[in-house]
>>> print(open('work.txt').read())   # compact mmCIF, C-alpha atoms
# COMPACT_ATOMS: atom_id res chain seq x y z
CA MET R 1 -23.21 -4.79 13.78
CA SER R 2 -25.30 -6.52 11.10
CA ARG R 3 -27.04 -3.20 10.44
CA LEU R 4 -23.85 -1.13 10.60
CA PHE R 5 -22.01 -3.09 7.93
CA PRO R 6 -24.50 -2.62 5.07
CA ASP R 7 -25.20 1.01 6.04
CA VAL R 8 -21.53 1.98 5.72
CA PHE R 9 -21.02 0.37 2.33
CA ARG R 10 -24.35 1.42 0.84
CA ASN R 11 -22.86 4.83 -0.01
CA PRO R 12 -22.39 4.87 -3.85
CA ALA R 13 -19.07 6.75 -3.72
CA ILE R 14 -17.58 4.38 -1.13
CA ARG R 15 -18.86 1.34 -3.01
CA ALA R 16 -17.45 2.54 -6.36
CA SER R 17 -14.14 3.43 -4.69
CA MET R 18 -13.94 -0.10 -3.28
CA ILE R 19 -14.52 -1.69 -6.71
CA ALA R 20 -12.02 0.66 -8.35
CA ILE R 21 -9.36 0.02 -5.72
CA PHE R 22 -9.86 -3.71 -6.28
CA THR R 23 -8.78 -3.31 -9.92
CA PHE R 24 -5.98 -0.97 -8.82
CA GLY R 25 -4.81 -3.73 -6.48
CA MET R 26 -5.01 -6.26 -9.31
CA ALA R 27 -2.35 -4.37 -11.29
CA GLY R 28 0.02 -4.45 -8.34
CA ALA R 29 -0.83 -8.06 -7.50
CA MET R 30 0.08 -9.14 -11.02
CA THR R 31 3.49 -7.46 -11.02
CA ALA R 32 4.82 -6.67 -7.52
CA PRO R 33 5.60 -10.30 -6.53
CA TYR R 34 7.69 -10.64 -9.69
CA ARG R 35 9.12 -7.12 -10.02
CA SER R 36 12.50 -7.98 -8.54
CA ILE R 37 12.63 -11.15 -10.67
CA VAL R 38 11.93 -9.15 -13.86
CA GLY R 39 14.16 -6.21 -12.98
CA ILE R 40 17.14 -8.04 -11.50
CA ARG R 41 17.14 -11.49 -13.10
CA GLU R 42 15.48 -10.97 -16.49
CA LEU R 43 16.53 -7.42 -17.41
CA GLY R 44 19.89 -7.33 -15.62
CA LEU R 45 19.56 -4.60 -12.99
CA SER R 46 21.98 -4.90 -10.08
CA ASP R 47 20.70 -5.09 -6.49
CA GLY R 48 21.99 -1.57 -5.85
CA LEU R 49 20.42 -0.07 -8.98
CA TYR R 50 17.12 -1.78 -8.21
CA SER R 51 17.19 -0.19 -4.74
CA VAL R 52 17.92 3.27 -6.19
CA LEU R 53 15.07 2.85 -8.68
CA SER R 54 12.67 1.82 -5.89
CA PHE R 55 13.58 4.92 -3.90
CA ALA R 56 13.33 7.31 -6.88
CA SER R 57 9.99 5.82 -7.92
CA ALA R 58 8.58 6.39 -4.44
CA ALA R 59 9.90 9.99 -4.44
CA VAL R 60 8.03 10.79 -7.65
CA ASN R 61 4.91 9.08 -6.32
CA VAL R 62 4.81 11.10 -3.11
CA ILE R 63 5.27 14.45 -4.88
CA VAL R 64 2.55 13.63 -7.41
CA SER R 65 0.23 12.34 -4.67
CA VAL R 66 0.56 15.50 -2.58
CA LEU R 67 0.08 17.80 -5.59
CA LEU R 68 -2.86 15.84 -7.01
CA GLY R 69 -4.43 15.48 -3.56
CA ASN R 70 -4.18 19.22 -2.92
CA LEU R 71 -5.48 20.01 -6.42
CA ALA R 72 -8.44 17.67 -5.91
CA ASP R 73 -9.20 19.32 -2.55
CA ARG R 74 -9.22 22.73 -4.25
CA LEU R 75 -11.46 21.52 -7.08
CA GLY R 76 -13.67 19.60 -4.67
CA GLU R 77 -13.66 16.41 -6.79
CA TYR R 78 -11.23 13.54 -7.31
CA ARG R 79 -12.58 11.96 -10.48
CA SER R 80 -10.50 13.93 -13.02
CA ALA R 81 -7.21 13.23 -11.25
CA MET R 82 -8.07 9.53 -10.98
CA ILE R 83 -8.83 9.28 -14.70
CA GLY R 84 -5.44 10.80 -15.53
CA ALA R 85 -3.66 8.43 -13.14
CA CYS R 86 -5.23 5.39 -14.84
CA ILE R 87 -3.95 6.53 -18.25
CA PHE R 88 -0.40 6.61 -16.88
CA GLY R 89 -0.89 3.10 -15.50
CA ILE R 90 -1.91 1.75 -18.89
CA ILE R 91 1.14 3.41 -20.48
CA GLY R 92 3.59 2.41 -17.73
CA TYR R 93 2.77 -1.29 -17.58
CA GLY R 94 2.26 -1.50 -21.35
CA MET R 95 5.67 -0.09 -22.25
CA VAL R 96 7.53 -2.59 -20.03
CA TYR R 97 5.77 -5.47 -21.78
CA ALA R 98 6.08 -4.03 -25.31
CA PHE R 99 9.70 -2.83 -25.05
CA PRO R 100 11.44 -4.97 -22.40
CA SER R 101 14.82 -3.58 -21.44
CA ALA R 102 16.54 -2.29 -18.34
CA ALA R 103 16.17 1.30 -19.60
CA ILE R 104 12.43 1.01 -20.27
CA PHE R 105 11.90 -0.76 -16.92
CA ALA R 106 13.66 2.14 -15.19
CA LEU R 107 11.81 4.81 -17.21
CA SER R 108 8.47 3.20 -16.46
CA GLY R 109 9.32 3.03 -12.76
CA LEU R 110 10.41 6.67 -12.67
CA LEU R 111 7.41 8.37 -14.29
CA PRO R 112 4.17 6.69 -15.42
CA LEU R 113 3.91 4.01 -12.72
CA PRO R 114 4.55 6.35 -9.77
CA ILE R 115 1.85 8.67 -11.16
CA PHE R 116 -0.51 5.71 -11.44
CA GLY R 117 0.38 4.87 -7.83
CA ALA R 118 -1.13 8.19 -6.73
CA LEU R 119 -4.51 6.64 -7.56
CA ASN R 120 -4.28 4.75 -4.26
CA SER R 121 -4.44 7.88 -2.09
CA LEU R 122 -6.97 9.54 -4.45
CA LEU R 123 -9.38 6.64 -4.04
CA PHE R 124 -9.00 6.80 -0.26
CA ALA R 125 -9.54 10.57 -0.43
CA ASN R 126 -12.69 10.08 -2.49
CA ALA R 127 -13.99 7.58 0.06
CA ARG R 128 -12.99 9.87 2.95
CA ALA R 129 -14.86 12.79 1.40
CA ALA R 130 -17.93 10.57 1.17
CA MET R 131 -17.58 9.81 4.89
CA GLN R 132 -18.34 13.39 5.95
CA GLY R 133 -20.78 13.26 8.86
CA MET R 134 -20.02 9.64 9.75
CA ASN R 135 -19.02 8.75 13.31
CA ARG R 136 -15.52 7.45 14.06
CA ASN R 137 -16.47 3.78 14.14
CA ASP R 138 -18.12 4.03 10.71
CA MET R 139 -15.04 5.76 9.27
CA VAL R 140 -12.69 3.08 10.59
CA THR R 141 -15.00 0.37 9.24
CA ALA R 142 -15.26 2.04 5.83
CA ASN R 143 -11.48 2.59 5.58
CA SER R 144 -10.85 -1.02 6.60
CA GLY R 145 -13.32 -2.16 3.94
CA VAL R 146 -11.68 -0.09 1.21
CA ARG R 147 -8.22 -1.31 2.22
CA ALA R 148 -9.43 -4.90 2.41
CA MET R 149 -10.36 -4.72 -1.28
CA ILE R 150 -6.69 -4.34 -2.20
CA SER R 151 -5.85 -7.44 -0.18
CA LEU R 152 -8.81 -9.24 -1.73
CA SER R 153 -7.32 -8.61 -5.17
CA TRP R 154 -4.13 -10.29 -3.93
CA VAL R 155 -5.96 -13.43 -2.82
CA LEU R 156 -6.31 -15.05 -6.25
CA ILE R 157 -4.44 -12.82 -8.72
CA PRO R 158 -0.79 -13.56 -7.77
CA GLY R 159 -1.43 -17.29 -7.66
CA ILE R 160 -3.27 -17.26 -10.97
CA THR R 161 -0.54 -15.13 -12.55
CA GLY R 162 2.16 -17.46 -11.22
CA LEU R 163 0.36 -20.57 -12.46
CA VAL R 164 -0.41 -19.08 -15.88
CA LEU R 165 3.23 -18.06 -16.36
CA SER R 166 4.86 -20.99 -14.53
CA GLY R 167 5.81 -22.66 -17.81
CA ALA R 168 6.84 -19.43 -19.50
CA SER R 169 10.44 -18.32 -19.93
CA SER R 170 9.59 -14.78 -18.78
CA MET R 171 7.32 -13.06 -16.26
CA LEU R 172 6.90 -10.01 -18.57
CA PRO R 173 3.31 -10.92 -19.64
CA ALA R 174 2.30 -9.99 -16.07
CA TYR R 175 2.82 -6.37 -17.12
CA LEU R 176 0.39 -6.79 -20.01
CA PHE R 177 -2.21 -8.19 -17.61
CA ALA R 178 -1.61 -5.19 -15.32
CA ALA R 179 -2.22 -2.73 -18.19
CA VAL R 180 -5.59 -4.40 -18.82
CA SER R 181 -6.42 -4.02 -15.11
CA CYS R 182 -5.70 -0.28 -15.35
CA LEU R 183 -8.10 -0.12 -18.28
CA LEU R 184 -10.81 -1.81 -16.19
CA CYS R 185 -10.17 0.64 -13.35
CA GLN R 186 -10.53 3.51 -15.81
CA GLY R 187 -13.94 2.20 -16.88
CA ILE R 188 -15.17 1.93 -13.28
CA ILE R 189 -14.11 5.50 -12.50
CA LEU R 190 -15.72 6.82 -15.69
CA PHE R 191 -19.02 4.97 -15.45
CA ALA R 192 -19.59 3.95 -11.82
CA LEU R 193 -18.08 6.71 -9.67
CA PRO R 194 -20.65 9.42 -8.78
CA LYS R 195 -19.74 12.97 -9.75
CA ARG R 196 -19.42 15.31 -6.79
CA ALA R 197 -20.49 18.94 -6.75
CA GLY R 198 -17.23 20.52 -5.71
CA ALA R 199 -17.87 24.22 -5.20
CA LYS R 200 -18.79 24.09 -1.53
CA MET R 201 -16.06 21.62 -0.65
CA ALA R 202 -13.35 23.43 -2.62
CA ALA R 203 -13.92 26.72 -0.83
CA VAL R 204 -12.73 25.30 2.49
CA HIS R 205 -9.64 23.60 1.16
CA HIS R 206 -7.77 26.41 -0.59
CA LEU R 207 -4.05 25.88 -0.02
CA SER R 208 -1.08 26.61 -2.28
CA TYR R 209 1.03 23.73 -3.54
CA LEU R 210 4.05 24.92 -1.55
CA GLY R 211 1.81 25.37 1.47
CA ALA R 212 0.60 21.80 1.07
CA LEU R 213 4.17 20.49 0.88
CA ARG R 214 5.17 22.58 3.93
CA GLN R 215 2.27 21.17 5.92
CA VAL R 216 3.22 17.61 4.99
CA VAL R 217 6.87 18.02 6.10
CA SER R 218 6.05 19.94 9.30
CA PRO R 219 7.56 18.43 12.48
CA ARG R 220 4.10 17.64 13.89
CA ILE R 221 3.32 15.35 10.98
CA SER R 222 6.74 14.08 9.91
CA ALA R 223 7.64 12.72 13.35
CA HIS R 224 4.70 10.35 13.30
CA ILE R 225 5.19 9.45 9.64
CA ALA R 226 8.79 8.46 10.45
CA GLY R 227 7.62 5.92 13.01
CA VAL R 228 4.92 4.51 10.73
CA ALA R 229 7.37 4.41 7.80
CA LEU R 230 9.89 2.30 9.70
CA ILE R 231 7.11 -0.21 10.38
CA SER R 232 5.76 -0.09 6.81
CA SER R 233 9.24 -0.56 5.33
CA THR R 234 9.04 -4.20 6.42
CA LEU R 235 6.30 -4.74 3.83
CA HIS R 236 8.46 -3.28 1.03
CA LEU R 237 11.40 -5.40 2.12
CA ASN R 238 9.30 -8.55 2.14
CA ASP R 239 8.02 -7.74 -1.38
CA ALA R 240 11.61 -7.78 -2.65
CA LEU R 241 13.00 -10.52 -0.41
CA LEU R 242 10.28 -13.18 -0.52
CA PRO R 243 10.60 -14.06 -4.24
CA LEU R 244 14.40 -14.02 -4.01
CA ILE R 245 14.51 -16.21 -0.89
CA ALA R 246 11.75 -18.49 -2.19
CA THR R 247 13.55 -19.19 -5.46
CA GLY R 248 16.98 -19.13 -3.82
CA ALA R 249 17.69 -20.28 -0.25
CA ALA R 250 14.30 -22.04 0.09
CA HIS R 251 14.69 -23.90 -3.26
CA GLY R 252 11.13 -23.09 -4.36
CA ARG R 253 9.61 -22.23 -7.74
CA LEU R 254 8.11 -19.05 -9.19
CA SER R 255 4.64 -20.55 -8.86
CA ASP R 256 5.28 -20.88 -5.10
CA VAL R 257 5.76 -17.12 -4.89
CA GLY R 258 2.33 -16.38 -6.32
CA ILE R 259 0.63 -19.00 -4.16
CA LEU R 260 2.35 -17.74 -1.00
CA VAL R 261 1.37 -14.14 -1.71
CA GLY R 262 -2.21 -15.23 -2.39
CA ILE R 263 -2.45 -17.17 0.90
CA VAL R 264 -1.11 -14.20 2.86
CA ALA R 265 -3.54 -11.84 1.12
CA LEU R 266 -6.48 -14.10 2.00
CA LEU R 267 -5.40 -14.05 5.64
CA GLU R 268 -5.06 -10.26 5.44
CA VAL R 269 -8.68 -9.88 4.31
CA VAL R 270 -9.85 -11.81 7.37
CA PHE R 271 -7.51 -10.22 9.89
CA ILE R 272 -8.03 -6.62 8.69
CA ILE R 273 -11.53 -6.91 10.17
CA VAL R 274 -10.16 -8.59 13.31
CA TRP R 275 -7.57 -5.85 13.84
CA SER R 276 -10.26 -3.19 13.33
CA ARG R 277 -12.17 -4.62 16.29
CA ILE R 278 -9.02 -5.02 18.38
CA ALA R 279 -8.08 -1.38 17.72
CA ARG R 280 -11.50 -0.22 18.94
CA ASN R 281 -11.27 -2.23 22.16
CA ALA R 282 -7.56 -2.19 23.05
CA GLY R 283 -6.50 1.02 21.32
CA GLN R 284 -4.77 1.85 18.07
CA MET R 285 -1.20 1.80 19.36
CA THR R 286 -1.64 -1.48 21.23
CA ALA R 287 -3.03 -3.15 18.12
CA LEU R 288 -0.30 -1.76 15.86
CA ALA R 289 2.42 -2.80 18.33
CA ALA R 290 1.07 -6.35 18.50
CA GLY R 291 0.87 -6.59 14.69
CA THR R 292 4.39 -5.23 14.26
CA ILE R 293 5.86 -7.71 16.73
CA ILE R 294 4.12 -10.60 14.94
CA TYR R 295 5.41 -9.44 11.54
CA ALA R 296 8.93 -8.96 12.92
CA LEU R 297 8.82 -12.56 14.15
CA PHE R 298 7.77 -13.67 10.66
CA LEU R 299 10.68 -11.80 9.02
CA SER R 300 13.18 -13.22 11.52
CA LEU R 301 12.04 -16.76 10.76
CA LEU R 302 11.99 -16.01 7.02
CA GLY R 303 15.74 -15.50 7.26
CA PHE R 304 16.10 -19.16 8.32
CA ALA R 305 13.88 -20.63 5.58
CA SER R 306 15.67 -23.37 3.63
CA GLU R 307 12.74 -25.42 2.27
CA PRO R 308 9.48 -24.41 0.51
CA TRP R 309 7.36 -25.79 3.38
CA HIS R 310 9.07 -23.34 5.74
CA LEU R 311 7.60 -20.49 3.72
CA TYR R 312 4.12 -22.01 3.72
CA ALA R 313 4.31 -22.54 7.49
CA LEU R 314 5.10 -18.84 7.95
CA THR R 315 2.09 -17.55 6.00
CA LEU R 316 -0.13 -17.37 9.10
CA LEU R 317 2.28 -15.07 10.94
CA ALA R 318 2.79 -13.02 7.75
CA GLY R 319 -0.95 -12.57 7.17
CA ILE R 320 -1.78 -11.62 10.75
CA GLY R 321 1.07 -9.13 11.06
CA ALA R 322 0.70 -7.59 7.61
CA ALA R 323 -3.04 -7.05 8.13
CA ALA R 324 -2.29 -4.77 11.09
CA ILE R 325 0.47 -2.84 9.33
CA ILE R 326 -1.54 -2.15 6.15
CA SER R 327 -4.84 -1.22 7.79
CA ILE R 328 -4.37 0.42 11.19
CA PRO R 329 -2.31 3.47 10.08
CA ILE R 330 -4.78 4.59 7.34
CA THR R 331 -7.27 6.51 9.50
CA TYR R 332 -4.41 7.63 11.75
CA LEU R 333 -2.56 9.24 8.83
CA GLN R 334 -5.72 10.80 7.35
CA ASP R 335 -6.56 12.37 10.71
CA LEU R 336 -3.24 14.22 10.80
CA ILE R 337 -4.78 16.61 8.22
CA ALA R 338 -8.43 15.81 8.86
CA ASP R 339 -9.92 18.89 7.19
CA ARG R 340 -8.41 18.11 3.75
CA PRO R 341 -9.32 14.59 2.54
CA GLY R 342 -7.04 14.75 -0.52
CA LEU R 343 -3.98 16.04 1.31
CA GLY R 344 -4.64 13.89 4.38
CA SER R 345 -4.96 10.77 2.23
CA ALA R 346 -1.78 11.78 0.36
CA LEU R 347 0.04 11.06 3.63
CA ILE R 348 -0.55 7.40 2.77
CA SER R 349 1.72 7.97 -0.24
CA VAL R 350 4.15 10.01 1.87
CA ASN R 351 4.38 7.01 4.16
CA ILE R 352 4.93 4.73 1.16
CA PHE R 353 7.73 7.03 -0.01
CA ALA R 354 9.44 7.17 3.36
CA SER R 355 9.03 3.44 3.96
CA ALA R 356 10.25 2.61 0.44
CA GLY R 357 13.32 4.79 1.03
CA ILE R 358 14.04 3.06 4.31
CA GLY R 359 13.38 -0.31 2.70
CA ALA R 360 15.71 0.46 -0.21
CA LEU R 361 18.47 1.50 2.18
CA VAL R 362 18.05 -1.59 4.36
CA PHE R 363 17.93 -3.80 1.23
CA ALA R 364 21.11 -2.26 -0.22
CA VAL R 365 23.05 -2.44 3.06
CA GLY R 366 21.68 -5.81 4.10
CA THR R 367 22.25 -7.61 0.79
CA SER R 368 25.80 -6.32 0.52
CA VAL R 369 26.67 -7.52 4.03
CA ALA R 370 24.38 -10.40 4.98
CA GLY R 371 22.65 -11.62 1.82
CA TYR R 372 18.90 -11.95 1.33
CA SER R 373 18.26 -14.07 4.45
CA GLY R 374 20.26 -11.75 6.70
CA THR R 375 18.41 -8.75 5.28
CA ALA R 376 15.10 -10.33 6.33
CA MET R 377 16.31 -10.39 9.94
CA LEU R 378 17.56 -6.81 9.67
CA SER R 379 14.14 -5.69 8.43
CA ALA R 380 12.56 -7.18 11.57
CA VAL R 381 14.73 -4.89 13.69
CA THR R 382 13.68 -1.94 11.52
CA GLY R 383 9.99 -2.60 12.15
CA LEU R 384 10.46 -2.93 15.90
CA SER R 385 12.35 0.38 16.00
CA GLY R 386 9.37 2.07 14.30
CA ILE R 387 6.82 0.97 16.89
CA THR R 388 9.26 2.02 19.62
CA ILE R 389 9.39 5.54 18.17
CA LEU R 390 5.59 5.78 17.96
CA GLY R 391 5.32 4.60 21.55
CA LEU R 392 7.78 7.26 22.71
CA LEU R 393 5.91 9.95 20.76
CA GLN R 394 2.64 8.92 22.35
CA ARG R 395 4.23 8.90 25.79
CA ARG R 396 5.47 12.43 25.24
CA ASN R 397 1.88 13.45 24.41
CA ALA R 398 2.78 14.60 20.90
CA VAL R 399 -0.07 16.21 18.97
CA ALA R 400 -1.61 13.34 17.01
CA PRO R 401 -4.92 11.54 16.70
CA GLY R 402 -5.39 9.60 19.93
CA ASP R 403 -6.78 6.17 20.46
CA ALA R 404 -10.05 7.65 21.61
CA GLU R 405 -10.59 9.22 18.21
CA VAL R 406 -9.89 5.98 16.40
CA GLN R 407 -12.06 3.93 18.67
>>> encode(input="work.txt", output="structure tokens")
Amino acid sequence: MSRLFPDVFRNPAIRASMIAIFTFGMAGAMTAPYRSIVGIRELGLSDGLYSVLSFASAAVNVIVSVLLGNLADRLGEYRSAMIGACIFGIIGYGMVYAFPSAAIFALSGLLPLPIFGALNSLLFANARAAMQGMNRNDMVTANSGVRAMISLSWVLIPGITGLVLSGASSMLPAYLFAAVSCLLCQGIILFALPKRAGAKMAAVHHLSYLGALRQVVSPRISAHIAGVALISSTLHLNDALLPLIATGAAHGRLSDVGILVGIVALLEVVFIIVWSRIARNAGQMTALAAGTIIYALFLSLLGFASEPWHLYALTLLAGIGAAAIISIPITYLQDLIADRPGLGSALISVNIFASAGIGALVFAVGTSVAGYSGTAMLSAVTGLSGITILGLLQRRNAVAPGDAEVQ
């Protein structure tokens, strides 16, 4: 194992992708914990409008991710698309900070930021393309390492952001910090990411844009994405609910939100590696089921939180469960279209879209009926229904990557 670890991450393209995705994660870590605070409380969006915006933003992101992923597969290189995505990130975060209003917040969330979000799947695609010829264990290890870098960026950044802005009257400067992170990511892609010779690779991946979209929405793929999306929606719901419950029912402060998110992210970094080993030994579905049940327990208890220490006590469950949900499905989704790294990795964004849509619906229905705490409990049920669907699909021997391939 000591020899395997350095061998996997010695590849220049994988290493550069990991550093770039760290800065990509920084932008999200600076803003996501406070997005609902900025949008709803500072700029005046209603809960319903915020939910609609979240869904629309994810819809744009998934379309852009599929089109850019397919284009990159045809060109045989991902660098150009990633450079363009970073530019949109700089613009999107910068305009919210420079011109704060509900309209600008919505515009930013509908166009530039969803395009920047496509960088996530492009970086995974770039790493996947560099994994050609690796065995399955190496691929799982490399994907876990790349994904762990996003969590690593969440270890310190949210807490630092929360502490820096704890005395401020607004959380908007977080968007300025995020724009700077996009600029750093741009520099890494320009100067550290190796250029790939794309001619040979592009020849095998010729597929029209409509053909790419048809393949993504085919029953074989969409059935499994539906199950994964129900599970992943719990993460989106927690992103919106935690700051609102922490500063509401739990009587905490904004600085608590950043610290809580940082603690959970630190636990995720550790347990992503643990879950990778569990998935190899016990099987992918067993590991994902265990992680989902743990996260559902966390969400159920979150609904009862009435003091700040309750939230801190729940961080262990949150970190363990979230680590499984964010890491285990990556290789699984990529393998659904294994011969096209860009399009296969775009399924990560498809899953984000579907899970964000489910999360927005649950948030809108839950908050209108049961408030923020009740919605946390409802989201637990949503996650458990997702793992049930995946279990039924596996039992019916649906065509999908099996545990043996992931192990």
>>> closest_residue(input="work.txt", among="R:Ala106, R:Phe88, R:Ala240, R:Ala229", to="R:Val52", atoms="all atoms listed in the file")
R:Ala106
>>> closest_residue(input="work.txt", among="R:Gly252, R:Pro112, R:Pro100, R:Gly366", to="R:Gly84", atoms="only C-alpha atoms")
R:Pro112
>>> closest_residue(input="work.txt", among="R:Ala249, R:Ala323, R:Thr331, R:Asn281", to="R:Gly303", atoms="only C-alpha atoms")
R:Ala249
>>> atom_distance(input="work.txt", atom1="atom CA of R:Leu266", atom2="atom CA of R:Pro33")
15.3 Å
>>> residues_near_point(input="work.txt", point="(6.0, -20.3, -10.3)", cutoff="8 Å", atoms="all atoms listed in the file", output="number ranges by chain")
R: 162-163, 165-167, 253-258
>>> write_last_selection(input="work.txt", atoms="C-alpha atoms", output="PDB file, in the frame of the given file")
ATOM      1  CA  GLY R 162       2.160 -17.460 -11.220  1.00  0.00           C
ATOM      2  CA  LEU R 163       0.360 -20.570 -12.460  1.00  0.00           C
ATOM      3  CA  LEU R 165       3.230 -18.060 -16.360  1.00  0.00           C
ATOM      4  CA  SER R 166       4.860 -20.990 -14.530  1.00  0.00           C
ATOM      5  CA  GLY R 167       5.810 -22.660 -17.810  1.00  0.00           C
ATOM      6  CA  ARG R 253       9.610 -22.230  -7.740  1.00  0.00           C
ATOM      7  CA  LEU R 254       8.110 -19.050  -9.190  1.00  0.00           C
ATOM      8  CA  SER R 255       4.640 -20.550  -8.860  1.00  0.00           C
ATOM      9  CA  ASP R 256       5.280 -20.880  -5.100  1.00  0.00           C
ATOM     10  CA  VAL R 257       5.760 -17.120  -4.890  1.00  0.00           C
ATOM     11  CA  GLY R 258       2.330 -16.380  -6.320  1.00  0.00           C
TER      12      GLY R 258
END
>>> residues_around(input="work.txt", residues="R:Val216", least_positions_apart="6", cutoff="9 Å", atoms="all atoms listed in the file", output="PDB file with C-alpha atoms, in the coordinates of the input")
ATOM      1  CA  VAL R  66       0.560  15.500  -2.580  1.00  0.00           C
ATOM      2  CA  SER R 222       6.740  14.080   9.910  1.00  0.00           C
ATOM      3  CA  ILE R 337      -4.780  16.610   8.220  1.00  0.00           C
ATOM      4  CA  LEU R 343      -3.980  16.040   1.310  1.00  0.00           C
ATOM      5  CA  GLY R 344      -4.640  13.890   4.380  1.00  0.00           C
ATOM      6  CA  ALA R 346      -1.780  11.780   0.360  1.00  0.00           C
ATOM      7  CA  LEU R 347       0.040  11.060   3.630  1.00  0.00           C
ATOM      8  CA  VAL R 350       4.150  10.010   1.870  1.00  0.00           C
TER       9      VAL R 350
END
>>> residues_around(input="work.txt", residues="R:Arg128", least_positions_apart="5", cutoff="8 Å", atoms="only C-alpha atoms", output="list of chain:residue names")
R:Met139, R:Asn143, R:Pro341
>>> write_last_selection(input="work.txt", atoms="C-alpha atoms", output="short mmCIF file (atom, residue, chain, number, x, y, z; two decimals), in the frame of the given file")
data_model
loop_
_atom_site.label_atom_id
_atom_site.label_comp_id
_atom_site.auth_asym_id
_atom_site.auth_seq_id
_atom_site.Cartn_x
_atom_site.Cartn_y
_atom_site.Cartn_z
CA MET R 139 -15.04 5.76 9.27
CA ASN R 143 -11.48 2.59 5.58
CA PRO R 341 -9.32 14.59 2.54
#
>>> closest_residue(input="work.txt", among="R:Tyr97, R:Tyr332, R:Phe363, R:Tyr78", to="R:Gly48", atoms="only C-alpha atoms")
R:Phe363
